[in-house]
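To be precise, the following lines are run.pdb, and they hold PDB, C-alpha atoms.
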ATOM      1  CA  MET K 851      -7.331  20.572  16.955
ATOM      2  CA  LYS K 852      -9.578  18.230  18.878
ATOM      3  CA  ARG K 853     -10.709  16.633  15.608
ATOM      4  CA  LEU K 854      -7.131  16.033  14.506
ATOM      5  CA  LEU K 855      -6.310  14.335  17.785
ATOM      6  CA  VAL K 856      -9.284  12.030  17.419
ATOM      7  CA  VAL K 857      -8.139  11.042  13.954
ATOM      8  CA  SER K 858      -4.659  10.367  15.262
ATOM      9  CA  ALA K 859      -5.947   8.086  17.973
ATOM     10  CA  THR K 860      -7.856   6.146  15.322
ATOM     11  CA  ALA K 861      -4.710   5.787  13.271
ATOM     12  CA  LEU K 862      -2.789   4.359  16.187
ATOM     13  CA  GLY K 863      -5.662   2.050  16.996
ATOM     14  CA  ALA K 864      -5.456   0.676  13.458
ATOM     15  CA  LEU K 865      -1.699   0.328  13.819
ATOM     16  CA  ALA K 866      -2.158  -1.700  16.975
ATOM     17  CA  SER K 867      -4.678  -4.005  15.317
ATOM     18  CA  LEU K 868      -2.272  -5.047  12.584
ATOM     19  CA  PRO K 869       0.339  -6.816  14.693
ATOM     20  CA  ALA K 870       3.657  -7.929  13.317
ATOM     21  CA  ALA K 871       3.789 -11.216  15.160
ATOM     22  CA  ALA K 872       3.941 -14.238  12.894
ATOM     23  CA  GLN K 873       2.739 -12.359   9.834
ATOM     24  CA  PHE K 874       5.934 -13.038   7.899
ATOM     25  CA  GLN K 875       7.324 -16.491   7.364
ATOM     26  CA  LYS K 876      10.805 -15.347   6.376
ATOM     27  CA  PRO K 877      12.860 -12.200   7.062
ATOM     28  CA  GLU K 878      12.923 -11.447   3.329
ATOM     29  CA  ASP K 879       9.114 -11.382   3.281
ATOM     30  CA  ALA K 880       9.103  -8.744   6.026
ATOM     31  CA  ILE K 881      11.769  -6.653   4.294
ATOM     32  CA  LYS K 882      10.002  -6.776   0.925
ATOM     33  CA  TYR K 883       6.701  -5.895   2.583
ATOM     34  CA  ARG K 884       7.977  -2.904   4.539
ATOM     35  CA  GLN K 885       9.916  -1.543   1.554
ATOM     36  CA  SER K 886       6.810  -1.923  -0.613
ATOM     37  CA  ALA K 887       4.559  -0.187   1.893
ATOM     38  CA  LEU K 888       7.027   2.699   2.241
ATOM     39  CA  THR K 889       7.313   2.982  -1.573
ATOM     40  CA  VAL K 890       3.560   3.279  -2.045
ATOM     41  CA  MET K 891       3.183   5.626   0.926
ATOM     42  CA  ALA K 892       5.967   7.904  -0.320
ATOM     43  CA  ASN K 893       4.426   8.022  -3.787
ATOM     44  CA  HIS K 894       1.048   9.185  -2.527
ATOM     45  CA  PHE K 895       2.477  11.568   0.045
ATOM     46  CA  GLY K 896       4.627  12.951  -2.773
ATOM     47  CA  ARG K 897       1.534  13.701  -4.856
ATOM     48  CA  VAL K 898       0.089  15.782  -2.020
ATOM     49  CA  ALA K 899       3.446  17.438  -1.340
ATOM     50  CA  ALA K 900       3.762  18.383  -5.033
ATOM     51  CA  MET K 901       0.478  20.291  -4.764
ATOM     52  CA  ALA K 902       1.575  21.940  -1.518
ATOM     53  CA  GLN K 903       4.778  23.056  -3.224
ATOM     54  CA  GLY K 904       2.965  24.396  -6.284
ATOM     55  CA  LYS K 905       4.626  21.861  -8.596
ATOM     56  CA  VAL K 906       1.257  20.573  -9.780
ATOM     57  CA  PRO K 907      -2.119  22.339  -9.720
ATOM     58  CA  PHE K 908      -4.120  21.914  -6.517
ATOM     59  CA  ASP K 909      -6.986  19.445  -6.861
ATOM     60  CA  ALA K 910      -8.827  19.088  -3.552
ATOM     61  CA  LYS K 911     -10.321  15.681  -4.342
ATOM     62  CA  ALA K 912      -7.026  14.233  -5.536
ATOM     63  CA  ALA K 913      -5.266  15.632  -2.457
ATOM     64  CA  ALA K 914      -7.833  14.024  -0.154
ATOM     65  CA  ASP K 915      -7.702  10.680  -1.993
ATOM     66  CA  ASN K 916      -3.921  10.570  -1.988
ATOM     67  CA  ALA K 917      -3.644  11.641   1.643
ATOM     68  CA  HIS K 918      -6.084   8.862   2.552
ATOM     69  CA  VAL K 919      -3.944   6.264   0.781
ATOM     70  CA  ALA K 920      -0.766   7.617   2.408
ATOM     71  CA  ALA K 921      -2.398   7.559   5.847
ATOM     72  CA  THR K 922      -3.622   3.989   5.341
ATOM     73  CA  LEU K 923      -0.138   2.902   4.288
ATOM     74  CA  SER K 924       1.607   4.798   7.091
ATOM     75  CA  ARG K 925       0.367   2.291   9.652
ATOM     76  CA  LEU K 926       1.858  -0.716   7.900
ATOM     77  CA  PRO K 927       5.650  -0.689   7.446
ATOM     78  CA  PHE K 928       6.530  -0.655  11.111
ATOM     79  CA  THR K 929       4.786  -3.960  11.750
ATOM     80  CA  ALA K 930       7.572  -5.546   9.684
ATOM     81  CA  PHE K 931      10.684  -4.640  11.661
ATOM     82  CA  GLY K 932      10.555  -7.645  13.994
ATOM     83  CA  GLU K 933      13.612  -9.285  15.497
ATOM     84  CA  GLY K 934      15.704 -11.038  12.876
ATOM     85  CA  THR K 935      14.523  -8.875   9.981
ATOM     86  CA  ASP K 936      17.759  -6.891   9.816
ATOM     87  CA  LYS K 937      19.033  -9.209   7.072
ATOM     88  CA  GLY K 938      17.564 -11.298   4.270
ATOM     89  CA  LEU K 939      17.368  -8.809   1.405
ATOM     90  CA  PRO K 940      19.304  -5.635   0.643
ATOM     91  CA  THR K 941      18.016  -3.093   3.158
ATOM     92  CA  ARG K 942      18.770   0.416   4.340
ATOM     93  CA  ALA K 943      17.499  -0.346   7.838
ATOM     94  CA  LYS K 944      20.305   0.413  10.323
ATOM     95  CA  PRO K 945      21.103  -2.036  13.154
ATOM     96  CA  GLU K 946      20.242   0.774  15.591
ATOM     97  CA  ILE K 947      16.545   0.072  14.905
ATOM     98  CA  TRP K 948      16.772  -3.110  16.954
ATOM     99  CA  LYS K 949      18.888  -1.460  19.661
ATOM    100  CA  ASP K 950      16.636   1.581  20.151
ATOM    101  CA  GLN K 951      13.274  -0.114  19.736
ATOM    102  CA  ALA K 952      11.333   2.262  21.977
ATOM    103  CA  LYS K 953      12.674   5.331  20.187
ATOM    104  CA  PHE K 954      12.143   3.815  16.749
ATOM    105  CA  LYS K 955       8.575   2.849  17.601
ATOM    106  CA  ASP K 956       7.927   6.317  18.964
ATOM    107  CA  LEU K 957       9.133   7.911  15.704
ATOM    108  CA  ALA K 958       7.016   5.483  13.684
ATOM    109  CA  GLU K 959       3.927   6.380  15.668
ATOM    110  CA  LYS K 960       4.658  10.082  15.322
ATOM    111  CA  MET K 961       4.857   9.713  11.548
ATOM    112  CA  ALA K 962       1.549   7.834  11.398
ATOM    113  CA  THR K 963      -0.013  10.520  13.591
ATOM    114  CA  GLU K 964       1.255  13.330  11.365
ATOM    115  CA  MET K 965       0.027  11.484   8.266
ATOM    116  CA  ALA K 966      -3.425  11.063   9.839
ATOM    117  CA  LYS K 967      -3.440  14.820  10.482
ATOM    118  CA  LEU K 968      -2.567  15.372   6.825
ATOM    119  CA  GLU K 969      -5.519  13.209   5.822
ATOM    120  CA  ALA K 970      -7.755  15.313   8.069
ATOM    121  CA  ALA K 971      -6.291  18.554   6.665
ATOM    122  CA  ALA K 972      -6.818  17.367   3.088
ATOM    123  CA  LYS K 973     -10.427  16.497   3.859
ATOM    124  CA  THR K 974     -11.067  20.159   4.751
ATOM    125  CA  GLY K 975     -10.026  21.160   1.209
ATOM    126  CA  SER K 976      -7.793  23.946   2.521
ATOM    127  CA  LEU K 977      -4.509  24.210   0.643
ATOM    128  CA  ASP K 978      -3.027  26.276   3.472
ATOM    129  CA  ALA K 979      -3.835  23.545   5.996
ATOM    130  CA  ILE K 980      -2.320  20.939   3.672
ATOM    131  CA  LYS K 981       0.845  22.997   3.200
ATOM    132  CA  ALA K 982       1.412  23.274   6.942
ATOM    133  CA  GLN K 983       0.849  19.590   7.518
ATOM    134  CA  VAL K 984       2.994  18.442   4.576
ATOM    135  CA  GLY K 985       5.876  20.146   6.355
ATOM    136  CA  ALA K 986       5.099  18.337   9.589
ATOM    137  CA  VAL K 987       4.957  14.966   7.841
ATOM    138  CA  GLY K 988       8.214  15.655   6.017
ATOM    139  CA  GLY K 989       9.851  16.488   9.326
ATOM    140  CA  SER K 990       8.666  13.220  10.854
ATOM    141  CA  CYS K 991      10.049  11.232   7.903
ATOM    142  CA  LYS K 992      13.384  12.998   8.178
ATOM    143  CA  SER K 993      13.751  12.579  11.933
ATOM    144  CA  CYS K 994      13.554   8.807  11.529
ATOM    145  CA  HIS K 995      15.664   8.590   8.374
ATOM    146  CA  ASP K 996      18.420  10.667   9.983
ATOM    147  CA  ASP K 997      19.023   8.041  12.631
ATOM    148  CA  TYR K 998      17.735   4.786  11.212
ATOM    149  CA  ARG K 999      18.113   4.743   7.423
ATOM    150  CA  ALA K1000      21.511   4.075   5.878
ATOM    151  CA  GLU K1001      22.759   5.881   2.777
ATOM    152  CA  LYS K1002      23.247   2.636   0.910
ATOM    153  CA  TYR K1003      21.580  -0.736   0.792
ATOM    154  CA  SER K1004      23.238  -3.597   2.638
ATOM    155  CA  ALA K1005      24.706  -6.437   0.564
ATOM    156  CA  ASN K1006      21.930  -8.801   1.617
TER     157      ASN K1006
ATOM    158  CA  MET J1078     -26.379  -7.495  -2.386
ATOM    159  CA  LYS J1079     -27.392  -3.927  -2.964
ATOM    160  CA  ARG J1080     -24.941  -2.808  -0.346
ATOM    161  CA  LEU J1081     -22.108  -4.697  -2.003
ATOM    162  CA  LEU J1082     -22.816  -3.058  -5.320
ATOM    163  CA  VAL J1083     -22.726   0.378  -3.737
ATOM    164  CA  VAL J1084     -19.338  -0.371  -2.233
ATOM    165  CA  SER J1085     -18.067  -1.574  -5.592
ATOM    166  CA  ALA J1086     -19.151   1.591  -7.315
ATOM    167  CA  THR J1087     -17.271   3.583  -4.699
ATOM    168  CA  ALA J1088     -14.163   1.535  -5.317
ATOM    169  CA  LEU J1089     -14.266   2.226  -9.017
ATOM    170  CA  GLY J1090     -14.876   5.892  -8.334
ATOM    171  CA  ALA J1091     -11.712   5.993  -6.255
ATOM    172  CA  LEU J1092      -9.837   4.154  -8.994
ATOM    173  CA  ALA J1093     -10.904   6.743 -11.517
ATOM    174  CA  SER J1094      -9.792   9.605  -9.296
ATOM    175  CA  LEU J1095      -6.219   8.349  -9.073
ATOM    176  CA  PRO J1096      -5.201   8.664 -12.718
ATOM    177  CA  ALA J1097      -1.970   7.283 -14.052
ATOM    178  CA  ALA J1098      -1.163  10.203 -16.299
ATOM    179  CA  ALA J1099       2.095  11.909 -15.461
ATOM    180  CA  GLN J1100       2.317  10.391 -11.987
ATOM    181  CA  PHE J1101       5.554   8.598 -12.760
ATOM    182  CA  GLN J1102       8.631  10.329 -14.105
ATOM    183  CA  LYS J1103      10.347   7.168 -15.321
ATOM    184  CA  PRO J1104       9.119   3.696 -16.345
ATOM    185  CA  GLU J1105      11.097   2.172 -13.468
ATOM    186  CA  ASP J1106       9.156   4.331 -10.997
ATOM    187  CA  ALA J1107       5.875   2.956 -12.334
ATOM    188  CA  ILE J1108       7.111  -0.641 -12.268
ATOM    189  CA  LYS J1109       8.433  -0.333  -8.707
ATOM    190  CA  TYR J1110       5.184   1.307  -7.604
ATOM    191  CA  ARG J1111       2.847  -1.277  -9.112
ATOM    192  CA  GLN J1112       4.934  -4.194  -7.825
ATOM    193  CA  SER J1113       4.964  -2.618  -4.355
ATOM    194  CA  ALA J1114       1.211  -2.033  -4.327
ATOM    195  CA  LEU J1115       0.580  -5.629  -5.438
ATOM    196  CA  THR J1116       2.970  -6.958  -2.768
ATOM    197  CA  VAL J1117       1.193  -5.114   0.042
ATOM    198  CA  MET J1118      -2.247  -5.986  -1.317
ATOM    199  CA  ALA J1119      -1.364  -9.680  -1.621
ATOM    200  CA  ASN J1120      -0.019  -9.728   1.922
ATOM    201  CA  HIS J1121      -3.213  -8.340   3.451
ATOM    202  CA  PHE J1122      -5.504 -10.387   1.233
ATOM    203  CA  GLY J1123      -3.425 -13.392   2.265
ATOM    204  CA  ARG J1124      -4.104 -12.704   5.936
ATOM    205  CA  VAL J1125      -7.855 -12.785   5.294
ATOM    206  CA  ALA J1126      -7.536 -15.847   3.069
ATOM    207  CA  ALA J1127      -5.589 -17.671   5.792
ATOM    208  CA  MET J1128      -8.537 -17.172   8.147
ATOM    209  CA  ALA J1129     -10.991 -18.298   5.485
ATOM    210  CA  GLN J1130      -8.924 -21.437   4.966
ATOM    211  CA  GLY J1131      -8.680 -22.166   8.689
ATOM    212  CA  LYS J1132      -4.906 -21.741   8.700
ATOM    213  CA  VAL J1133      -5.109 -19.079  11.399
ATOM    214  CA  PRO J1134      -7.888 -18.467  13.935
ATOM    215  CA  PHE J1135     -10.698 -16.200  12.755
ATOM    216  CA  ASP J1136     -10.509 -12.704  14.216
ATOM    217  CA  ALA J1137     -13.316 -10.539  12.876
ATOM    218  CA  LYS J1138     -11.613  -7.219  13.574
ATOM    219  CA  ALA J1139      -8.317  -8.321  12.006
ATOM    220  CA  ALA J1140     -10.210  -9.658   8.979
ATOM    221  CA  ALA J1141     -12.034  -6.356   8.529
ATOM    222  CA  ASP J1142      -8.856  -4.295   8.973
ATOM    223  CA  ASN J1143      -6.871  -6.405   6.533
ATOM    224  CA  ALA J1144      -9.661  -6.494   3.960
ATOM    225  CA  HIS J1145      -9.860  -2.703   4.167
ATOM    226  CA  VAL J1146      -6.140  -2.379   3.465
ATOM    227  CA  ALA J1147      -6.352  -4.878   0.588
ATOM    228  CA  ALA J1148      -9.321  -3.038  -0.912
ATOM    229  CA  THR J1149      -7.556   0.319  -0.633
ATOM    230  CA  LEU J1150      -4.485  -1.118  -2.337
ATOM    231  CA  SER J1151      -6.474  -2.922  -5.043
ATOM    232  CA  ARG J1152      -7.285   0.365  -6.740
ATOM    233  CA  LEU J1153      -3.667   1.406  -7.137
ATOM    234  CA  PRO J1154      -1.465  -0.934  -9.222
ATOM    235  CA  PHE J1155      -3.372  -0.563 -12.459
ATOM    236  CA  THR J1156      -2.735   3.170 -12.627
ATOM    237  CA  ALA J1157       0.903   2.264 -13.275
ATOM    238  CA  PHE J1158       0.694   0.231 -16.475
ATOM    239  CA  GLY J1159       0.902   3.203 -18.841
ATOM    240  CA  GLU J1160       2.441   3.071 -22.294
ATOM    241  CA  GLY J1161       6.220   2.577 -22.134
ATOM    242  CA  THR J1162       6.196   0.875 -18.736
ATOM    243  CA  ASP J1163       6.786  -2.580 -20.196
ATOM    244  CA  LYS J1164      10.525  -2.188 -19.565
ATOM    245  CA  GLY J1165      12.760  -0.412 -17.076
ATOM    246  CA  LEU J1166      13.039  -2.930 -14.254
ATOM    247  CA  PRO J1167      12.662  -6.709 -14.141
ATOM    248  CA  THR J1168       8.935  -7.318 -14.542
ATOM    249  CA  ARG J1169       6.520 -10.203 -15.033
ATOM    250  CA  ALA J1170       4.105  -8.008 -16.966
ATOM    251  CA  LYS J1171       3.507  -9.609 -20.384
ATOM    252  CA  PRO J1172       3.532  -7.492 -23.566
ATOM    253  CA  GLU J1173      -0.084  -8.573 -24.109
ATOM    254  CA  ILE J1174      -1.112  -6.050 -21.423
ATOM    255  CA  TRP J1175      -0.456  -3.211 -23.834
ATOM    256  CA  LYS J1176      -2.054  -5.042 -26.775
ATOM    257  CA  ASP J1177      -5.283  -5.989 -24.953
ATOM    258  CA  GLN J1178      -5.737  -2.808 -22.926
ATOM    259  CA  ALA J1179      -9.516  -2.989 -22.757
ATOM    260  CA  LYS J1180      -9.510  -6.580 -21.532
ATOM    261  CA  PHE J1181      -6.701  -5.929 -19.047
ATOM    262  CA  LYS J1182      -8.492  -2.899 -17.644
ATOM    263  CA  ASP J1183     -11.701  -4.877 -17.379
ATOM    264  CA  LEU J1184      -9.959  -7.618 -15.367
ATOM    265  CA  ALA J1185      -8.335  -4.997 -13.140
ATOM    266  CA  GLU J1186     -11.695  -3.421 -12.418
ATOM    267  CA  LYS J1187     -13.238  -6.790 -11.703
ATOM    268  CA  MET J1188     -10.528  -7.544  -9.162
ATOM    269  CA  ALA J1189     -11.026  -4.187  -7.408
ATOM    270  CA  THR J1190     -14.766  -4.827  -7.367
ATOM    271  CA  GLU J1191     -14.330  -8.291  -5.848
ATOM    272  CA  MET J1192     -11.921  -6.902  -3.253
ATOM    273  CA  ALA J1193     -14.420  -4.186  -2.317
ATOM    274  CA  LYS J1194     -17.026  -6.917  -1.856
ATOM    275  CA  LEU J1195     -14.576  -8.761   0.397
ATOM    276  CA  GLU J1196     -14.171  -5.606   2.476
ATOM    277  CA  ALA J1197     -17.970  -5.400   2.780
ATOM    278  CA  ALA J1198     -18.210  -9.093   3.669
ATOM    279  CA  ALA J1199     -15.508  -8.749   6.332
ATOM    280  CA  LYS J1200     -17.344  -5.778   7.846
ATOM    281  CA  THR J1201     -20.340  -8.016   8.497
ATOM    282  CA  GLY J1202     -18.161 -10.257  10.669
ATOM    283  CA  SER J1203     -19.480 -13.418   8.971
ATOM    284  CA  LEU J1204     -16.768 -15.986   8.321
ATOM    285  CA  ASP J1205     -19.011 -17.770   5.808
ATOM    286  CA  ALA J1206     -19.450 -14.565   3.803
ATOM    287  CA  ILE J1207     -15.698 -13.995   3.909
ATOM    288  CA  LYS J1208     -14.984 -17.553   2.748
ATOM    289  CA  ALA J1209     -17.233 -17.185  -0.288
ATOM    290  CA  GLN J1210     -15.740 -13.855  -1.247
ATOM    291  CA  VAL J1211     -12.114 -14.923  -0.740
ATOM    292  CA  GLY J1212     -12.765 -17.485  -3.459
ATOM    293  CA  ALA J1213     -14.159 -14.837  -5.779
ATOM    294  CA  VAL J1214     -11.165 -12.572  -5.230
ATOM    295  CA  GLY J1215      -8.753 -15.446  -5.802
ATOM    296  CA  GLY J1216     -10.514 -16.242  -9.053
ATOM    297  CA  SER J1217     -10.184 -12.648 -10.227
ATOM    298  CA  CYS J1218      -6.448 -12.634  -9.435
ATOM    299  CA  LYS J1219      -5.951 -15.872 -11.324
ATOM    300  CA  SER J1220      -7.913 -14.850 -14.403
ATOM    301  CA  CYS J1221      -5.573 -11.905 -14.917
ATOM    302  CA  HIS J1222      -2.362 -13.738 -13.999
ATOM    303  CA  ASP J1223      -3.199 -16.559 -16.422
ATOM    304  CA  ASP J1224      -3.051 -14.225 -19.392
ATOM    305  CA  TYR J1225      -0.914 -11.293 -18.325
ATOM    306  CA  ARG J1226       1.715 -12.416 -15.807
ATOM    307  CA  ALA J1227       4.827 -14.242 -17.008
ATOM    308  CA  GLU J1228       6.361 -17.122 -15.081
ATOM    309  CA  LYS J1229       9.682 -15.352 -14.827
ATOM    310  CA  TYR J1230      10.875 -11.786 -14.511
ATOM    311  CA  SER J1231      12.206 -10.076 -17.620
ATOM    312  CA  ALA J1232      15.905  -9.240 -17.722
ATOM    313  CA  ASN J1233      15.198  -5.544 -17.274
TER     314      ASN J1233
END
Would you mind writing the file out in structure tokens?
Amino acid sequence: MKRLLVVSATALGALASLPAAAQFQKPEDAIKYRQSALTVMANHFGRVAAMAQGKVPFDAKAAADNAHVAATLSRLPFTAFGEGTDKGLPTRAKPEIWKDQAKFKDLAEKMATEMAKLEAAAKTGSLDAIKAQVGAVGGSCKSCHDDYRAEKYSAN
Amino acid sequence: MKRLLVVSATALGALASLPAAAQFQKPEDAIKYRQSALTVMANHFGRVAAMAQGKVPFDAKAAADNAHVAATLSRLPFTAFGEGTDKGLPTRAKPEIWKDQAKFKDLAEKMATEMAKLEAAAKTGSLDAIKAQVGAVGGSCKSCHDDYRAEKYSAN
């Protein structure tokens, strides 16, 4: 448990060192970036989840590699939800994100923490550990999507 | 130099362990994935390049963090150019990619190798080393875009 907590702290440290400020010249750049980072993260998390669910054969090295990519990506999207990035491209980001910033940031950090724990679990090579942590990551995705992701894309 | 070569070999090892086969259910999934990975990679490479070009102040930790993200991403897009992924979503991928597969793969590996060297250079904290390697990465991007990226997106 101690080891997992250390990994999580590292993840949040990395998150903090990639600040949002002034990284995007236009709102559409931020929206495209965050959607891209979430797409790649979801793909690699999905590859680990498919093994956890028995949909594809378990391959410890592939699980560790994919969990590492997902954990690296998990720290990125939430640097791109700055003020004024609610419009510019079609987006499913709800306006509540900019009203509940503390709560949104807290959920984002929880997800990155759970993903870092998945990376640590995958490194152990234990499918049981991966299965448990895939569930925790999925829960953290859902808790944010429930409140802050719309069903449909906005018109712009 | 020896150290850089070791890092490059590791990068290619990671590339090999993330195979394309059967990772994408539909061509549009592969196209969306590779475009997303390239978008995120270009963003983080761009942050390092901006420091190398004196457009933003040099911050050694930020350079190292961003080069690490770019290097991690550099191994991903080229797993998503499988047969049949030339259509499905608007794409700038030229048909030549699937005619010249060996050359395309070679250019992709060169880019990942140069990006791994940039990660190693950024870890040293030397702005001069970063400047030299940013140029090498940029050259590897261009050499592939010149032959394999269209000016405009396809209609689908």
Excluding region 1120-1137 of chain J and residues on its chain fewer than 5 positions from it, collect all residues at most 9 Å away from it, counting all atoms listed in the file, and give them as a short mmCIF file (atom, residue, chain, number, x, y, z; two decimals) with C-alpha atoms, in the frame of the given file.
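This went into out-v7.cif:
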data_model
loop_
_atom_site.label_atom_id
_atom_site.label_comp_id
_atom_site.auth_asym_id
_atom_site.auth_seq_id
_atom_site.Cartn_x
_atom_site.Cartn_y
_atom_site.Cartn_z
CA GLN K 873 2.74 -12.36 9.83
CA TYR K 883 6.70 -5.90 2.58
CA LEU J 1115 0.58 -5.63 -5.44
CA ASP J 1142 -8.86 -4.30 8.97
CA ASN J 1143 -6.87 -6.40 6.53
CA ALA J 1144 -9.66 -6.49 3.96
CA HIS J 1145 -9.86 -2.70 4.17
CA VAL J 1146 -6.14 -2.38 3.46
CA ALA J 1147 -6.35 -4.88 0.59
CA ALA J 1148 -9.32 -3.04 -0.91
CA MET J 1192 -11.92 -6.90 -3.25
CA ALA J 1199 -15.51 -8.75 6.33
CA LYS J 1200 -17.34 -5.78 7.85
CA THR J 1201 -20.34 -8.02 8.50
CA GLY J 1202 -18.16 -10.26 10.67
CA SER J 1203 -19.48 -13.42 8.97
CA LEU J 1204 -16.77 -15.99 8.32
CA ASP J 1205 -19.01 -17.77 5.81
CA ILE J 1207 -15.70 -14.00 3.91
CA LYS J 1208 -14.98 -17.55 2.75
CA ALA J 1209 -17.23 -17.18 -0.29
CA VAL J 1211 -12.11 -14.92 -0.74
CA GLY J 1212 -12.76 -17.48 -3.46
CA VAL J 1214 -11.16 -12.57 -5.23
CA GLY J 1215 -8.75 -15.45 -5.80
#
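For the pair CA of Thr929 (chain K) and CA of Ser990 (chain K), the separation is 17.6 Å.
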Q: Expand the PyMOL selection byres ((chain K and resi 959) around 10) into the individual residues it matches in the shown file, reporting them as a VMD selection string.
A: chain K and resid 858 861 to 862 865 924 to 925 928 953 to 958 960 to 965 990
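One finds CA of Tyr1003 (chain K) at 19.5 Å from CA of Met891 (chain K).
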(Q) Using the chain letters and numbers from this file, what does the PyMOL selection byres ((chain K and resi 885) around 12) select? Give the answer as an MDAnalysis selection string. (A) (chainID K and resid 878:884 886:892 923:924 926:931 939:943 999 1003) or (chainID J and resid 1109:1110 1112:1114 1116:1117)
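CA of Ala1206 (chain J) is found 28.4 Å from CA of Asp1224 (chain J).
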Where's the centre, and what are the edge lengths in Å to one decimal, of a box along x, y and z enclosing all listed atoms of region 1174-1184 of chain J padded 3 Å per side, as AutoDock Vina command-line options?
--center_x -6.1 --center_y -5.2 --center_z -21.1 --size_x 17.2 --size_y 10.8 --size_z 17.4
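Between chain K and the residues J:Cys1218, J:Asp1223, J:Lys1164, J:Phe1101, the shortest atom-to-atom distance, using only C-alpha atoms, involves J:Phe1101.
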Q: Compile the contact shell of Gly938 (chain K) as a PyMOL selection string: residues with an atom at most 7 Å away, counting all atoms listed in the file, same-chain residues fewer than 3 positions apart removed.
A: chain K and resi 877-878+935+1006
Complete region 1181-1186 of chain J at the level of all heavy atoms, written as a compact mmCIF listing (two decimals), keeping the file's coordinate frame.
# COMPACT_ATOMS: atom_id res chain seq x y z
N PHE J 1181 -7.51 -6.04 -20.26
CA PHE J 1181 -6.70 -5.93 -19.05
C PHE J 1181 -7.36 -4.99 -18.04
O PHE J 1181 -7.48 -5.30 -16.85
CB PHE J 1181 -5.30 -5.42 -19.42
CG PHE J 1181 -4.38 -5.27 -18.25
CD1 PHE J 1181 -3.87 -6.38 -17.59
CD2 PHE J 1181 -4.01 -4.02 -17.78
CE1 PHE J 1181 -3.01 -6.25 -16.50
CE2 PHE J 1181 -3.15 -3.87 -16.70
CZ PHE J 1181 -2.66 -4.98 -16.05
N LYS J 1182 -7.83 -3.86 -18.53
CA LYS J 1182 -8.49 -2.90 -17.64
C LYS J 1182 -9.77 -3.49 -17.04
O LYS J 1182 -10.07 -3.28 -15.86
CB LYS J 1182 -8.82 -1.63 -18.45
CG LYS J 1182 -9.23 -0.47 -17.57
CD LYS J 1182 -9.59 0.78 -18.39
CE LYS J 1182 -10.28 1.79 -17.49
NZ LYS J 1182 -10.96 2.84 -18.26
N ASP J 1183 -10.47 -4.24 -17.85
CA ASP J 1183 -11.70 -4.88 -17.38
C ASP J 1183 -11.39 -5.86 -16.24
O ASP J 1183 -12.07 -5.89 -15.21
CB ASP J 1183 -12.37 -5.61 -18.55
CG ASP J 1183 -13.69 -6.24 -18.14
OD1 ASP J 1183 -14.54 -5.52 -17.59
OD2 ASP J 1183 -13.85 -7.46 -18.35
N LEU J 1184 -10.34 -6.66 -16.41
CA LEU J 1184 -9.96 -7.62 -15.37
C LEU J 1184 -9.50 -6.89 -14.10
O LEU J 1184 -9.78 -7.32 -12.98
CB LEU J 1184 -8.86 -8.55 -15.89
CG LEU J 1184 -9.30 -9.56 -16.96
CD1 LEU J 1184 -8.10 -10.28 -17.55
CD2 LEU J 1184 -10.29 -10.58 -16.37
N ALA J 1185 -8.79 -5.78 -14.30
CA ALA J 1185 -8.34 -5.00 -13.14
C ALA J 1185 -9.53 -4.45 -12.37
O ALA J 1185 -9.57 -4.49 -11.13
CB ALA J 1185 -7.44 -3.86 -13.61
N GLU J 1186 -10.51 -3.97 -13.09
CA GLU J 1186 -11.70 -3.42 -12.42
C GLU J 1186 -12.50 -4.51 -11.73
O GLU J 1186 -13.04 -4.29 -10.64
CB GLU J 1186 -12.56 -2.63 -13.41
CG GLU J 1186 -11.86 -1.34 -13.80
CD GLU J 1186 -12.70 -0.41 -14.66
OE1 GLU J 1186 -13.82 -0.80 -15.04
OE2 GLU J 1186 -12.21 0.68 -14.97
